[in-house]
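Student: Once you've had a glance at the structure underneath, I'll fire off some questions.
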There are 2 protein chains.
Amino acid sequence: MSATTSSKPHASSKAAVLDAIRAAGTISRVGLINATGFTAPTISNLVRKLINEGLVVETGHAESTGGKRRVLLQLNHAARYAVGVHLDHGVMTYALTNLGGVAVARIARPGAGAAEPAVVVARIAAEIATLIDSVGVERGRVLGVGLVFPRPLGGPLGPALEHATGLPVVLDNDATAAALGEQWTGGFGTATAAAALYLGTGIGAGLVINGITYRGPSGNAGDIGHVSVQADGPPCWCGAQGCVEAVAGPAAVVAQARADRTLAAATGLAESAKRASVATDFAAISRAARRGEQRALALLERSARYVATATRGLAAIMDLDVLVLTGPGFAVAGSVYLPIVRRELHGYAVDVRLSRSAATASAIGAAALALESELVPLSHGLRLPERLDSFSESAG
Amino acid sequence: MSATTSSKPHASSKAAVLDAIRAAGTISRVGLINATGFTAPTISNLVRKLINEGLVVETGHAESTGGKRRVLLQLNHAARYAVGVHLDHGVMTYALTNLGGVAVARIARPGAGAAEPAVVVARIAAEIATLIDSVGVERGRVLGVGLVFPRPLGGPLGPALEHATGLPVVLDNDATAAALGEQWTGGFGTATAAAALYLGTGIGAGLVINGITYRGPSGNAGDIGHVSVQADGPPCWCGAQGCVEAVAGPAAVVAQARADRTLAAATGLAESAKRASVATDFAAISRAARRGEQRALALLERSARYVATATRGLAAIMDLDVLVLTGPGFAVAGSVYLPIVRRELHGYAVDVRLSRSAATASAIGAAALALESELVPLSHGLRLPERLDSFSESAG
């Protein structure tokens with residue numbers, strides 16, 4: 001253990017209390033003492049500050065257990081909001097969440113395609129305004145924007161979006177955001193080592209250890225798409241061989257479907273002269289599989305077997321206890337992948353399930369990212385999301 | 001973030017201070033305030049206690065910077081000791097380390113083979129006594145014993161060894177212990193995400209995140225041996241296909257060498273009618289490769305390519321910044337594996353190196369485990385080694 005991991009006991013105390021209240025739903029001051037380890041005067045003082053700032057409200061009393069009845073505290077969910085924007089190749093998904101991370105509004109819009117960055121930023125800013133106005137939330141209550149995207153994209157948009165919206169913008173990748181979304185919406189339960197396996201245009205994973213997002217020293221943790229499932233397999237764009245994304249990711253599935261004339265015709269892929277996005281094509285293949293098209297189903301099952309193999313590696317390395325399948329790919333094809341991943345992980349003590357909000361998990365997580373960034377300044381020794389300046393570099 | 005990750009600011013303060021002193025080598029009280037975030041009176045109080053217990057000594061003054069000269073503190077290395085025992089199929093390795101984790105004595109003895117557990121325990125207890133007496137350390141200064149072994153072995157020995165030695169015994173697997181050994185002996189430097197890749201009879205990895213050993217909820221984190229490098233490859237004993245241990249682990253290398261008559265003759269494997277241990281045979285193959293035996297070298301290089309592929313998956317998932325190759329396998333064949341692993345990880349920001357104590361890292365780590373267990377009761381939110389009762393269950 002190095003000295004840098006020693007906890008600084010006071011700096012994050014307000015955030016820790018806020019977080020304990022959020023995690024508990026409702027909790028008494030005595031409960032907070034137990035949950036945080038802080039002393040009674042410290043809790044009393046911090047709770048008063050949080051009430052004064054309007055972030056926490058008193059909300060009735062706990063059942064009497066003979067002694068003095070305890071006042072319960074809860075987050076004032078409507079006190080603050082945050083915007084999450086998930087930028088993907090084919091679609092942009094927006095979520096407005098309250099202080100508890102609950103989505104109060106969501107919209108989906110077509111992806112940016114090849115538009116100029118300036119045009120994209122102006123569009124995102126306008127759509128954020130539409131989102132906020134749609135539910136009548138005061139602008140002053142919106143803490144910031146989380147903007148997330150597949151790993152190799154998006155960094156340069158951050159500063160321009162800060163300028164265009166007048167709000168702080170935090171960046172991250174979509175898989176990590178999806179994990180944060182699951183964490184905030186309870187999808188990970190009380191897991192110690194949880195992962196969100198994300199299927200979008202590519203394959204990624206977001207990792208949460210003891211409730212804290214694990215990003216790794218360069219912010220690239222969970223890059224399961226480049227786990228090899230065929231050491232002697234075909235080359236990946238990354239330079240290695242047999243990466244699961246190259247062998248069985250959505251783009252590979254779409255390419256395989258297009259190469260099969262019968263299947264391309266059956267799924268409607270043959271007709272789309274101008275190629276749609278990978279996500280759109282992958283959804284078409286998934287719909288075909290669901291209506292009983294055997295070749296489409298076989299293609300997805302083949303993909304699922306390789307994805308399951310890579311996922312077993314993830315589970316073995318991280319000793320996962322919960323794995324949630326999420327992202328737009330699993331939103332349309334989760335029913336094919338889930339049993340195959342479960343079968344491969346038989347023998348591991350991991351609970352594998354489909355996200356209840358696979359299509360919007362990254363946008364909700366992006367909003368949670370903005371909430372965390374503004375409310376929880378310390379990372380308890382693990383890495384917090386980078387601010388714009390350092391992120392753009394690594395996302396280059 | 002859940003409430004359980006909120007730091008309990010006071011319970012581990014003594015351990016945190018001790019750890020900060022160990023990590024720094026020498027440090028002033030002011031330095032400790034900066035390193036731990038504790039207040040001046042807290043540091044003053046804790047340091048007094050540590051000095052009274054004989055764990056810390058004052059050791060001269062820092063260079064004057066104009067103001068009052070600061071008294072430097074350091075661990076009293078000879079105040080306490082711990083024993084590490086690494087139980088492997090072919091060999092038992094013992095280390096006695098001081099409070100700083102520095103080995104003051106090491107011995108290696110033949111493995112237990114098929115001996116009765118009671119006989120093995122009696123032998124280990126006797127060899128521990130020999131180890132301690134060999135350097136004249138008082139028994140009362142020995143805090144405990146760390147006993148480590150490959151994942152599927154050893155659990156039941158713990159309670160009997162506690163009884164036989166009169167010392168507390170902590171158990172763990174050899175790969176995690178090797179990582180702890182690297183951490184304590186400085187092999188990981190200032191890494192944020194570090195792994196010890198362990199090659200013994202099998203393949204494992206020990207993970208250290210922000211200086212803290214990461215074991216995972218069931219204690220099985222880092223199980224890289226069962227990462228598949230050939231999704232459609234040969235079956236592994238674990239039930240899955242193409243696990244790197246089955247395709248390219250030391251036992252597989254030995255089996256391949258034995259199947260090749262020319263090679264079996266050239267390495268002396270053909271003569272050992274009664275099969276030696278995998279470790280012994282693997283060492284013989286490595287020696288043959290070093291003296292220019294091309295078939296032996298080719299066999300190890302093949303293994304190295306698959307090990308490198310699995311390791312790339314580990315690096316991608318954990319976003320490693322340091323990877324140390326360690327364990328008896330790399331002690332004899334590290335020069336073959338190192339360049340191949342480095343080549344595979346080209347493009348990742350990870351520093352790959354050979355352990356400076358590959359043969360004894362697990363024994364040293366086992367002793368460090370005993371030190372941590374007795375001195376550092378809190379885990380800063382990550383998992384601490386299990387005590388006997390719960391470990392035997394999962395190691396069953």
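Identifiers in this document derive from the order of the structure tokens: chains are assigned A, B, ..., residues are numbered from 1 separately in each chain, and ligands are numbered from 1 in order of occurrence.
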Select all residues from chain A having any atom no more than 7 Å from an atom of chain B (counting only C-alpha atoms, ignoring ligands), output as a VMD selection string.

Tutor: chain A and resid 1 to 9 16 19 to 20 23 35 to 38 192 to 193 210 to 212 216 to 218 220 to 224 226 to 231 306 309 312 to 313 316 to 319 321

Student: Need the shell around stretch 125-131 of chain A: protein/DNA/RNA residues with any atom at most 12 Å away, counting only C-alpha atoms. Skip same-chain ones fewer than 2 positions apart. Format as number ranges by chain?

Tutor: A: 81-86, 92-97, 103-110, 118-123, 133-139, 142, 144-147, 157-158, 160-167, 169, 367

Student: Could you turn the residues from that selection into a file that holds N, CA and C atoms, as a compact mmCIF listing (two decimals), in the first residue's frame?

Tutor:
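again_20.txt, freshly written:
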# COMPACT_ATOMS: atom_id res chain seq x y z
N TYR A 81 -30.34 18.97 -11.41
CA TYR A 81 -30.50 18.08 -12.55
C TYR A 81 -29.17 18.02 -13.31
N ALA A 82 -29.05 17.05 -14.16
CA ALA A 82 -27.89 17.02 -15.06
C ALA A 82 -28.32 16.42 -16.39
N VAL A 83 -27.59 16.78 -17.42
CA VAL A 83 -27.90 16.32 -18.78
C VAL A 83 -26.85 15.28 -19.18
N GLY A 84 -27.31 14.17 -19.75
CA GLY A 84 -26.40 13.19 -20.33
C GLY A 84 -26.60 13.12 -21.83
N VAL A 85 -25.50 13.14 -22.56
CA VAL A 85 -25.58 13.05 -24.02
C VAL A 85 -24.71 11.87 -24.46
N HIS A 86 -25.33 10.94 -25.14
CA HIS A 86 -24.60 9.80 -25.67
C HIS A 86 -24.53 9.94 -27.19
N MET A 92 -28.02 9.93 -31.47
CA MET A 92 -27.63 10.68 -30.27
C MET A 92 -28.76 10.54 -29.27
N THR A 93 -28.42 10.11 -28.07
CA THR A 93 -29.42 9.89 -27.05
C THR A 93 -29.19 10.88 -25.91
N TYR A 94 -30.27 11.49 -25.45
CA TYR A 94 -30.19 12.50 -24.40
C TYR A 94 -31.01 12.06 -23.20
N ALA A 95 -30.50 12.32 -22.00
CA ALA A 95 -31.30 12.09 -20.79
C ALA A 95 -31.10 13.26 -19.84
N LEU A 96 -32.21 13.66 -19.21
CA LEU A 96 -32.13 14.64 -18.14
C LEU A 96 -32.46 13.88 -16.86
N THR A 97 -31.52 13.87 -15.91
CA THR A 97 -31.79 13.15 -14.67
C THR A 97 -31.82 14.13 -13.50
N ALA A 103 -33.99 9.36 -14.59
CA ALA A 103 -34.25 10.09 -15.82
C ALA A 103 -35.65 10.69 -15.78
N VAL A 104 -35.75 12.01 -15.96
CA VAL A 104 -37.07 12.66 -16.01
C VAL A 104 -37.43 13.00 -17.44
N ALA A 105 -36.49 12.90 -18.36
CA ALA A 105 -36.78 13.10 -19.78
C ALA A 105 -35.69 12.43 -20.61
N ARG A 106 -36.12 11.85 -21.74
CA ARG A 106 -35.13 11.23 -22.65
C ARG A 106 -35.56 11.55 -24.07
N ILE A 107 -34.62 11.82 -24.94
CA ILE A 107 -34.94 11.91 -26.37
C ILE A 107 -33.82 11.24 -27.17
N ALA A 108 -34.18 10.77 -28.36
CA ALA A 108 -33.19 10.21 -29.28
C ALA A 108 -33.29 10.96 -30.59
N ARG A 109 -32.13 11.25 -31.18
CA ARG A 109 -32.07 11.99 -32.43
C ARG A 109 -31.09 11.30 -33.37
N PRO A 110 -31.18 11.53 -34.66
CA PRO A 110 -30.24 10.89 -35.58
C PRO A 110 -28.80 11.26 -35.25
N ALA A 118 -18.60 22.07 -35.61
CA ALA A 118 -19.32 23.27 -35.16
C ALA A 118 -20.83 23.09 -35.31
N VAL A 119 -21.23 22.43 -36.41
CA VAL A 119 -22.66 22.18 -36.65
C VAL A 119 -23.19 21.19 -35.60
N VAL A 120 -22.40 20.16 -35.32
CA VAL A 120 -22.81 19.15 -34.34
C VAL A 120 -22.99 19.79 -32.97
N VAL A 121 -22.03 20.62 -32.59
CA VAL A 121 -22.10 21.26 -31.27
C VAL A 121 -23.34 22.15 -31.17
N ALA A 122 -23.61 22.92 -32.21
CA ALA A 122 -24.79 23.81 -32.20
C ALA A 122 -26.06 22.96 -32.07
N ARG A 123 -26.08 21.84 -32.80
CA ARG A 123 -27.26 20.97 -32.75
C ARG A 123 -27.42 20.38 -31.35
N ASP A 133 -36.27 22.19 -21.51
CA ASP A 133 -37.54 22.92 -21.55
C ASP A 133 -38.75 21.99 -21.58
N SER A 134 -38.55 20.77 -22.14
CA SER A 134 -39.68 19.85 -22.30
C SER A 134 -40.31 19.47 -20.98
N VAL A 135 -39.54 19.52 -19.90
CA VAL A 135 -40.10 19.18 -18.59
C VAL A 135 -40.12 20.39 -17.65
N GLY A 136 -39.82 21.56 -18.20
CA GLY A 136 -39.95 22.79 -17.42
C GLY A 136 -38.98 22.94 -16.27
N VAL A 137 -37.81 22.32 -16.39
CA VAL A 137 -36.81 22.48 -15.33
C VAL A 137 -36.11 23.84 -15.50
N GLU A 138 -35.92 24.55 -14.38
CA GLU A 138 -35.18 25.82 -14.44
C GLU A 138 -33.75 25.58 -14.86
N ARG A 139 -33.25 26.40 -15.77
CA ARG A 139 -31.87 26.27 -16.22
C ARG A 139 -30.87 26.30 -15.05
N VAL A 142 -29.66 23.05 -13.41
CA VAL A 142 -28.91 22.05 -14.18
C VAL A 142 -27.42 22.22 -13.90
N GLY A 144 -24.74 20.41 -15.00
CA GLY A 144 -23.74 20.25 -16.05
C GLY A 144 -24.16 19.18 -17.04
N VAL A 145 -23.25 18.93 -17.97
CA VAL A 145 -23.51 17.98 -19.06
C VAL A 145 -22.43 16.90 -19.04
N GLY A 146 -22.88 15.66 -19.14
CA GLY A 146 -21.94 14.56 -19.39
C GLY A 146 -22.06 14.18 -20.85
N LEU A 147 -20.93 14.14 -21.54
CA LEU A 147 -20.94 13.81 -22.97
C LEU A 147 -20.10 12.55 -23.16
N LEU A 157 -15.10 17.94 -29.11
CA LEU A 157 -16.40 18.60 -28.98
C LEU A 157 -16.59 19.24 -27.61
N GLY A 158 -15.90 18.74 -26.60
CA GLY A 158 -16.13 19.16 -25.23
C GLY A 158 -16.07 20.66 -24.98
N ALA A 160 -16.09 23.19 -26.97
CA ALA A 160 -17.07 23.94 -27.75
C ALA A 160 -18.46 23.81 -27.14
N LEU A 161 -18.76 22.61 -26.62
CA LEU A 161 -20.08 22.41 -26.03
C LEU A 161 -20.21 23.18 -24.71
N GLU A 162 -19.13 23.27 -23.96
CA GLU A 162 -19.15 24.09 -22.74
C GLU A 162 -19.49 25.53 -23.12
N HIS A 163 -18.85 26.00 -24.16
CA HIS A 163 -19.06 27.37 -24.61
C HIS A 163 -20.51 27.56 -25.07
N ALA A 164 -21.01 26.59 -25.83
CA ALA A 164 -22.34 26.73 -26.42
C ALA A 164 -23.46 26.62 -25.39
N THR A 165 -23.24 25.84 -24.33
CA THR A 165 -24.33 25.64 -23.37
C THR A 165 -24.14 26.48 -22.11
N GLY A 166 -22.94 26.97 -21.88
CA GLY A 166 -22.67 27.69 -20.63
C GLY A 166 -22.65 26.76 -19.43
N LEU A 167 -22.57 25.46 -19.68
CA LEU A 167 -22.55 24.47 -18.59
C LEU A 167 -21.22 23.72 -18.59
N VAL A 169 -18.88 20.66 -18.87
CA VAL A 169 -19.04 19.42 -19.63
C VAL A 169 -17.96 18.42 -19.19
N ALA A 367 -25.27 11.57 -17.54
CA ALA A 367 -25.82 12.57 -16.61
C ALA A 367 -25.30 12.32 -15.19

Student: Using Å and a single decimal, report how far atom CA of B:Ser303 sits from atom CA of B:Val278.

Tutor: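 The value is 14.7 Å.
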
Student: According to DSSP computed on the backbone, where in stretch 194-258 of chain B is there strand (DSSP E or B)? Give the residues as a PyMOL selection string.

Tutor: chain B and resi 194-199+203-209+212-214+228+230+235+241+243

Student: Could you check how far atom CA of B:Arg141 sits from atom CA of B:Gly31, in Å to one decimal?

Tutor: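 Those two atoms sit 28.4 Å apart.
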
Student: Which polymer residues have any atom within 6 Å of an atom of stretch 69-74 of chain B, counting only C-alpha atoms, with same-chain residues fewer than 2 positions away left out, as a ChimeraX atom specification?

Tutor: /B:26-28,56-62,64

Student: Can you list, as number ranges by chain, every residue of stretch 33-205 of chain A that DSSP puts in helix (DSSP H, G or I)?

Tutor: A: 33-36, 40-52, 77-79, 117-134, 139-141, 157-165, 174-184

Student: Mind pulling up the distance from atom CA of A:Asp172 to atom CA of A:Arg80?

Tutor: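 We find that atom CA of A:Arg80 and atom CA of A:Asp172 lie 21.1 Å from each other.
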